[in-house]
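Below is one structure, written out as structure tokens; the observations come after it.
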Amino acid sequence: MNYTQTLEFLFQSLPVFETQGATAYKPGLERITAFCRHIGNPQRNFFTIHVAGTNGKGSVSAMLYSVLNAAGVRAGLFTSPYLVKFNERMSALGHDISDSELASVVEAVRPAADSMEDRATEFELITACAFEYFVRKGCDTVVLECGMGGRLDSTNVIGAPVISAITNIALDHTGYLGDTEEKIAAEKAGIIKGSPVVCGTVGSGAEDVIRKKCADAGSPLVFSRDADISDVRLGRDGISFTFEGEDFYVPLCGMYQTENIRTVLCALRLLRQAGYCIGNGALRRGLASVRWKGRFETLSTSPLVIFDGAHNPDGARFTEKTFSALYPGERAVIVTGVMADKDYRDIADSFSRICDRAFTISPNNPRALGAAAYADALSEAGIYASPCKNAEEALSGAVEEAARTSSPVLCAGSLYMYAEIVSALAALGLGSEKSAQPEAK
């Protein structure tokens, strides 16, 4: 199989979500359990750090992976979705899986996949491929990000992890996970299996659910609020802070990253207690070298174009807060697109506090909301919005408007927009003066 054939095989599997009115999401661990058994249960050959949460789990996973690498641990990372290229989904020893490695792994597991009467979903198949890849790379510890929920997520086929992390709880995927924070917390808490747990900031009801699950499972529980950091300084190129009397820097913007950093620091304490030798030097190098696209990332400085993955109401509120903190008194011209299953009216309300003008697109995904329908929702929130046929048209209009009003362009919404926005920048001949991520300070 070549790389193109590999992707075609992966994507022909049943998708995770409802598509065009047909229910395609199949909860349960039966298929992934059977699949892994067919291929020799590769997930039993490495330790795991299991990460769930509504928002922030990707950033937390990326930081933990970077710190482990800096500490000399043979580490792997599994995340979703990818932003530009599929290979971003699985990394080991500091590098994304190569095209040839991916083809080889998929070719190896394909007979097992084809033999299953109850065919694995796309996410289940990709999860099993990642497990096989991590074994081939000799990974000792893998940071495993849940795709959705936790209890019935295919990543939960693993046994007890070294530690579990639940970054936060907010209303998202309510059609699948429940319509209250408590119900969603119960699904996320399904990854708790007796190992230590770190939990980010959650509501009181969700906290009660997680506390009870930890008590029932015998899992020690710590909260991100226990991380003793001070002198936090949010800048346009990252966040600086003081921890244990030393200065640290993370080249990730976004007010939400402070909470994610606290979660990582609490996870670090638990990892040290579990026997991992991770000193503050490795922590400093790992945090300073982390790279995570699409999180209040400056894509161009002239004109100023920023991308933030505000794909649900909670994320949009943090986008609003971060923009207001970094660009006080300014109004953004927004390019945005969302999935139809999100509360896009709530997202529009958040954007209305920092924006008067928007250009909407329909991201390249079967679940995407149409650009016209989204423009109507933004207009109802008091934003003059124009639907566009593609990202290039939207970005061109936004850049022109931003030049007229001396405003930043903020591309915010679904992460599925990211590749389209980057491609549109290149097509328009923009982004060549992209802000470089600075190294450790």
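By order in the structure tokens, chains are A, B, ...; within a chain, residues start at 1; ligands start at 1, following the order shown.
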(request) Within 12 Å of Gly245 in chain A, counting only C-alpha atoms, which residues show up once you throw out same-chain ones fewer than 4 positions away? Write them as a PyMOL selection string, please. (result) chain A and resi 228-231+241+280
(message) With DSSP run on the backbone, what are the strand (DSSP E) residues within range 173-407 of chain A? I'd like them as a PyMOL selection string.
(response) chain A and resi 197-199+221-223+229-235+238-243+246-250+297-301+304-308+332-336+355-360+384-387
(request) Mind checking which residues fall within 8 Å of range 102-117 of chain A, counting only C-alpha atoms, ignoring those fewer than 2 positions away in the same chain, and posting them as an MDAnalysis selection string? (result) chainID A and resid 1:3 6 35 38:39 87 97:100 119:120 125 129 132:133
Quick one: which range 234-342 of chain A residues come within 12 Å of range 141-157 of chain A, and what is the nearest atom pair for each with the distance in Å to one decimal, counting only C-alpha atoms, rows ordered by chain and ascending number, as JSON lines?
{"residue": "A:Val264", "atom": "CA", "partner": "A:Val143", "partner_atom": "CA", "distance": 11.9}
{"residue": "A:Ala267", "atom": "CA", "partner": "A:Val143", "partner_atom": "CA", "distance": 11.6}
{"residue": "A:Leu271", "atom": "CA", "partner": "A:Thr141", "partner_atom": "CA", "distance": 11.1}
{"residue": "A:Tyr276", "atom": "CA", "partner": "A:Thr141", "partner_atom": "CA", "distance": 10.4}
Write the residues you've just listed into a file as a PDB file, in the first residue's frame, and include all heavy atoms for each of them.
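And here's selection.pdb as it stands now:
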ATOM      1  N   VAL A 264      -0.708  20.315  33.723  1.00  0.00           N
ATOM      2  CA  VAL A 264       0.540  19.628  33.391  1.00  0.00           C
ATOM      3  C   VAL A 264       1.462  19.562  34.605  1.00  0.00           C
ATOM      4  O   VAL A 264       2.092  18.524  34.872  1.00  0.00           O
ATOM      5  CB  VAL A 264       1.245  20.338  32.211  1.00  0.00           C
ATOM      6  CG1 VAL A 264       2.673  19.833  32.036  1.00  0.00           C
ATOM      7  CG2 VAL A 264       0.447  20.132  30.928  1.00  0.00           C
ATOM      8  N   ALA A 267       0.244  16.966  36.920  1.00  0.00           N
ATOM      9  CA  ALA A 267       0.537  15.655  36.334  1.00  0.00           C
ATOM     10  C   ALA A 267       2.009  15.311  36.521  1.00  0.00           C
ATOM     11  O   ALA A 267       2.363  14.152  36.791  1.00  0.00           O
ATOM     12  CB  ALA A 267       0.171  15.659  34.854  1.00  0.00           C
ATOM     13  N   LEU A 271       3.674  12.029  38.142  1.00  0.00           N
ATOM     14  CA  LEU A 271       4.631  11.205  37.414  1.00  0.00           C
ATOM     15  C   LEU A 271       5.920  11.011  38.217  1.00  0.00           C
ATOM     16  O   LEU A 271       6.506   9.921  38.231  1.00  0.00           O
ATOM     17  CB  LEU A 271       4.948  11.839  36.053  1.00  0.00           C
ATOM     18  CG  LEU A 271       3.820  11.792  35.013  1.00  0.00           C
ATOM     19  CD1 LEU A 271       4.182  12.628  33.788  1.00  0.00           C
ATOM     20  CD2 LEU A 271       3.539  10.351  34.598  1.00  0.00           C
ATOM     21  N   TYR A 276       9.090   8.554  37.620  1.00  0.00           N
ATOM     22  CA  TYR A 276       9.688   9.213  36.466  1.00  0.00           C
ATOM     23  C   TYR A 276      10.690  10.274  36.944  1.00  0.00           C
ATOM     24  O   TYR A 276      10.365  11.090  37.821  1.00  0.00           O
ATOM     25  CB  TYR A 276       8.619   9.877  35.606  1.00  0.00           C
ATOM     26  CG  TYR A 276       7.826   8.906  34.765  1.00  0.00           C
ATOM     27  CD1 TYR A 276       6.820   8.119  35.343  1.00  0.00           C
ATOM     28  CD2 TYR A 276       8.064   8.753  33.397  1.00  0.00           C
ATOM     29  CE1 TYR A 276       6.094   7.221  34.597  1.00  0.00           C
ATOM     30  CE2 TYR A 276       7.334   7.855  32.639  1.00  0.00           C
ATOM     31  CZ  TYR A 276       6.348   7.092  33.245  1.00  0.00           C
ATOM     32  OH  TYR A 276       5.624   6.200  32.491  1.00  0.00           O
TER      33      TYR A 276
END
(message) Set the distance at 7 Å and use only C-alpha atoms: which residues neighbour Gly254 in chain A once local chain neighbours fewer than 3 positions away are removed? I'd like the list as a list in words.
(response)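 Result of the neighbour search: Gln257, Arg295, Phe296 and Thr322 of chain A.
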Could you dump the residues just selected with N, CA and C atoms as a PDB file, in the first residue's frame?
ATOM      1  N   GLN A 257      -4.424  28.580  28.325  1.00  0.00           N
ATOM      2  CA  GLN A 257      -3.222  27.771  28.491  1.00  0.00           C
ATOM      3  C   GLN A 257      -2.684  27.819  29.919  1.00  0.00           C
ATOM      4  N   ARG A 295      -3.850  27.129  18.248  1.00  0.00           N
ATOM      5  CA  ARG A 295      -4.299  27.643  19.538  1.00  0.00           C
ATOM      6  C   ARG A 295      -3.765  29.053  19.713  1.00  0.00           C
ATOM      7  N   PHE A 296      -4.593  30.015  19.371  1.00  0.00           N
ATOM      8  CA  PHE A 296      -4.225  31.425  19.323  1.00  0.00           C
ATOM      9  C   PHE A 296      -2.843  31.601  18.680  1.00  0.00           C
ATOM     10  N   THR A 322      -9.060  36.052  25.637  1.00  0.00           N
ATOM     11  CA  THR A 322      -7.652  36.179  25.233  1.00  0.00           C
ATOM     12  C   THR A 322      -7.459  37.358  24.292  1.00  0.00           C
TER      13      THR A 322
END
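Interatomic distance, CA of Gly337 in chain A against CA of Asn168 in chain A: 23.5 Å.
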(request) Per DSSP on the backbone, filter range 241-360 of chain A down to the residues in alpha helix (DSSP H) and report them as number ranges by chain. (result) A: 256-273, 280-289, 313-326, 344-352
Write out as a JSON list (two decimals) with N, CA and C atoms, in the first residue's frame which residues come within 9 Å of range 386-399 of chain A when counting only C-alpha atoms, dropping same-chain ones fewer than 2 positions away.
[["chain", "number", "residue", "atom", "x", "y", "z"],
["A", 303, "PRO", "N", -0.39, 41.03, 6.80],
["A", 303, "PRO", "CA", -1.28, 41.54, 7.85],
["A", 303, "PRO", "C", -1.34, 40.58, 9.05],
["A", 304, "LEU", "N", -1.84, 41.09, 10.16],
["A", 304, "LEU", "CA", -1.94, 40.27, 11.36],
["A", 304, "LEU", "C", -3.12, 39.31, 11.22],
["A", 305, "VAL", "N", -2.80, 38.02, 11.17],
["A", 305, "VAL", "CA", -3.83, 36.98, 11.07],
["A", 305, "VAL", "C", -3.56, 35.96, 12.17],
["A", 333, "VAL", "N", -11.76, 41.48, 12.93],
["A", 333, "VAL", "CA", -12.53, 41.01, 11.78],
["A", 333, "VAL", "C", -12.39, 39.49, 11.81],
["A", 334, "ILE", "N", -13.50, 38.80, 11.89],
["A", 334, "ILE", "CA", -13.46, 37.35, 12.12],
["A", 334, "ILE", "C", -13.78, 36.56, 10.85],
["A", 335, "VAL", "N", -13.00, 35.51, 10.64],
["A", 335, "VAL", "CA", -13.31, 34.47, 9.66],
["A", 335, "VAL", "C", -13.66, 33.23, 10.47],
["A", 336, "THR", "N", -14.83, 32.67, 10.23],
["A", 336, "THR", "CA", -15.28, 31.59, 11.11],
["A", 336, "THR", "C", -16.15, 30.57, 10.41],
["A", 357, "ARG", "N", -17.64, 42.63, 12.39],
["A", 357, "ARG", "CA", -17.65, 42.18, 10.99],
["A", 357, "ARG", "C", -17.11, 40.77, 10.90],
["A", 358, "ALA", "N", -17.82, 39.89, 10.18],
["A", 358, "ALA", "CA", -17.40, 38.50, 10.07],
["A", 358, "ALA", "C", -17.63, 37.98, 8.65],
["A", 359, "PHE", "N", -16.82, 37.01, 8.30],
["A", 359, "PHE", "CA", -16.95, 36.29, 7.03],
["A", 359, "PHE", "C", -17.03, 34.81, 7.37],
["A", 360, "THR", "N", -18.09, 34.15, 6.92],
["A", 360, "THR", "CA", -18.32, 32.76, 7.32],
["A", 360, "THR", "C", -18.02, 31.80, 6.18],
["A", 361, "ILE", "N", -17.58, 30.61, 6.57],
["A", 361, "ILE", "CA", -17.35, 29.54, 5.62],
["A", 361, "ILE", "C", -17.98, 28.26, 6.16],
["A", 362, "SER", "N", -18.12, 27.28, 5.32],
["A", 362, "SER", "CA", -18.55, 25.95, 5.75],
["A", 362, "SER", "C", -17.32, 25.04, 5.65],
["A", 363, "PRO", "N", -16.71, 24.69, 6.79],
["A", 363, "PRO", "CA", -15.50, 23.86, 6.75],
["A", 363, "PRO", "C", -15.72, 22.56, 6.00],
["A", 370, "GLY", "N", -23.72, 25.23, 7.26],
["A", 370, "GLY", "CA", -23.60, 26.03, 6.05],
["A", 370, "GLY", "C", -23.21, 27.46, 6.36],
["A", 371, "ALA", "N", -22.43, 28.06, 5.48],
["A", 371, "ALA", "CA", -21.94, 29.42, 5.70],
["A", 371, "ALA", "C", -23.09, 30.42, 5.84],
["A", 372, "ALA", "N", -24.14, 30.25, 5.05],
["A", 372, "ALA", "CA", -25.26, 31.19, 5.10],
["A", 372, "ALA", "C", -26.01, 31.09, 6.43],
["A", 373, "ALA", "N", -26.25, 29.87, 6.90],
["A", 373, "ALA", "CA", -26.95, 29.69, 8.17],
["A", 373, "ALA", "C", -26.14, 30.27, 9.32],
["A", 374, "TYR", "N", -24.82, 30.11, 9.28],
["A", 374, "TYR", "CA", -23.97, 30.65, 10.33],
["A", 374, "TYR", "C", -23.94, 32.18, 10.27],
["A", 375, "ALA", "N", -23.92, 32.72, 9.06],
["A", 375, "ALA", "CA", -23.96, 34.18, 8.91],
["A", 375, "ALA", "C", -25.24, 34.75, 9.50],
["A", 376, "ASP", "N", -26.35, 34.05, 9.33],
["A", 376, "ASP", "CA", -27.62, 34.49, 9.92],
["A", 376, "ASP", "C", -27.52, 34.53, 11.45],
["A", 384, "TYR", "N", -22.22, 42.07, 11.54],
["A", 384, "TYR", "CA", -22.48, 42.09, 10.10],
["A", 384, "TYR", "C", -21.68, 40.97, 9.46],
["A", 401, "GLU", "N", -11.09, 44.24, 4.73],
["A", 401, "GLU", "CA", -11.81, 44.98, 5.77],
["A", 401, "GLU", "C", -10.88, 45.37, 6.91],
["A", 402, "ALA", "N", -9.98, 44.47, 7.28],
["A", 402, "ALA", "CA", -9.05, 44.75, 8.37],
["A", 402, "ALA", "C", -8.11, 45.89, 8.01],
["A", 403, "ALA", "N", -7.70, 45.96, 6.75],
["A", 403, "ALA", "CA", -6.83, 47.05, 6.32],
["A", 403, "ALA", "C", -7.56, 48.39, 6.38],
["A", 404, "ARG", "N", -8.84, 48.35, 6.07],
["A", 404, "ARG", "CA", -9.64, 49.58, 6.09],
["A", 404, "ARG", "C", -9.85, 50.10, 7.50],
["A", 407, "SER", "N", -7.61, 46.66, 11.82],
["A", 407, "SER", "CA", -8.01, 45.63, 12.78],
["A", 407, "SER", "C", -7.23, 44.33, 12.54],
["A", 408, "PRO", "N", -7.07, 43.52, 13.58],
["A", 408, "PRO", "CA", -6.52, 42.18, 13.37],
["A", 408, "PRO", "C", -7.56, 41.28, 12.72],
["A", 409, "VAL", "N", -7.09, 40.28, 11.98],
["A", 409, "VAL", "CA", -7.97, 39.24, 11.45],
["A", 409, "VAL", "C", -7.88, 38.05, 12.39],
["A", 410, "LEU", "N", -9.02, 37.62, 12.91],
["A", 410, "LEU", "CA", -9.07, 36.49, 13.82],
["A", 410, "LEU", "C", -9.86, 35.37, 13.16],
["A", 411, "CYS", "N", -9.18, 34.28, 12.84],
["A", 411, "CYS", "CA", -9.83, 33.10, 12.29],
["A", 411, "CYS", "C", -10.14, 32.19, 13.48],
["A", 417, "MET", "N", -11.12, 24.10, 10.06],
["A", 417, "MET", "CA", -10.84, 25.25, 9.18],
["A", 417, "MET", "C", -9.34, 25.45, 8.96],
["A", 420, "GLU", "N", -7.55, 24.85, 5.65],
["A", 420, "GLU", "CA", -8.12, 25.71, 4.61],
["A", 420, "GLU", "C", -7.61, 27.15, 4.76],
["A", 421, "ILE", "N", -7.49, 27.61, 5.99],
["A", 421, "ILE", "CA", -7.01, 28.98, 6.23],
["A", 421, "ILE", "C", -5.54, 29.09, 5.84],
["A", 423, "SER", "N", -3.92, 27.28, 3.69],
["A", 423, "SER", "CA", -3.86, 27.20, 2.23],
["A", 423, "SER", "C", -4.30, 28.51, 1.59],
["A", 424, "ALA", "N", -5.34, 29.13, 2.14],
["A", 424, "ALA", "CA", -5.83, 30.40, 1.61],
["A", 424, "ALA", "C", -4.79, 31.51, 1.78],
["A", 425, "LEU", "N", -4.11, 31.52, 2.90],
["A", 425, "LEU", "CA", -3.03, 32.51, 3.11],
["A", 425, "LEU", "C", -1.98, 32.39, 2.03],
["A", 427, "ALA", "N", -2.33, 31.03, -0.94],
["A", 427, "ALA", "CA", -2.90, 31.38, -2.24],
["A", 427, "ALA", "C", -2.97, 32.89, -2.44],
["A", 428, "LEU", "N", -3.16, 33.61, -1.33],
["A", 428, "LEU", "CA", -3.24, 35.06, -1.39],
["A", 428, "LEU", "C", -1.87, 35.72, -1.29]]
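Counting only C-alpha atoms and comparing A:Leu10, A:Ile49, A:Val67, A:Ala310, the residue that lies closest to Lys342 in chain A is A:Ala310.
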(message) List as a PyMOL selection string the protein and nucleic acid residues near Thr54 in chain A, meaning an atom at most 7 Å away when only C-alpha atoms are counted, but skip any in the same chain fewer than 2 places from it.
(response) chain A and resi 56+168-170+172
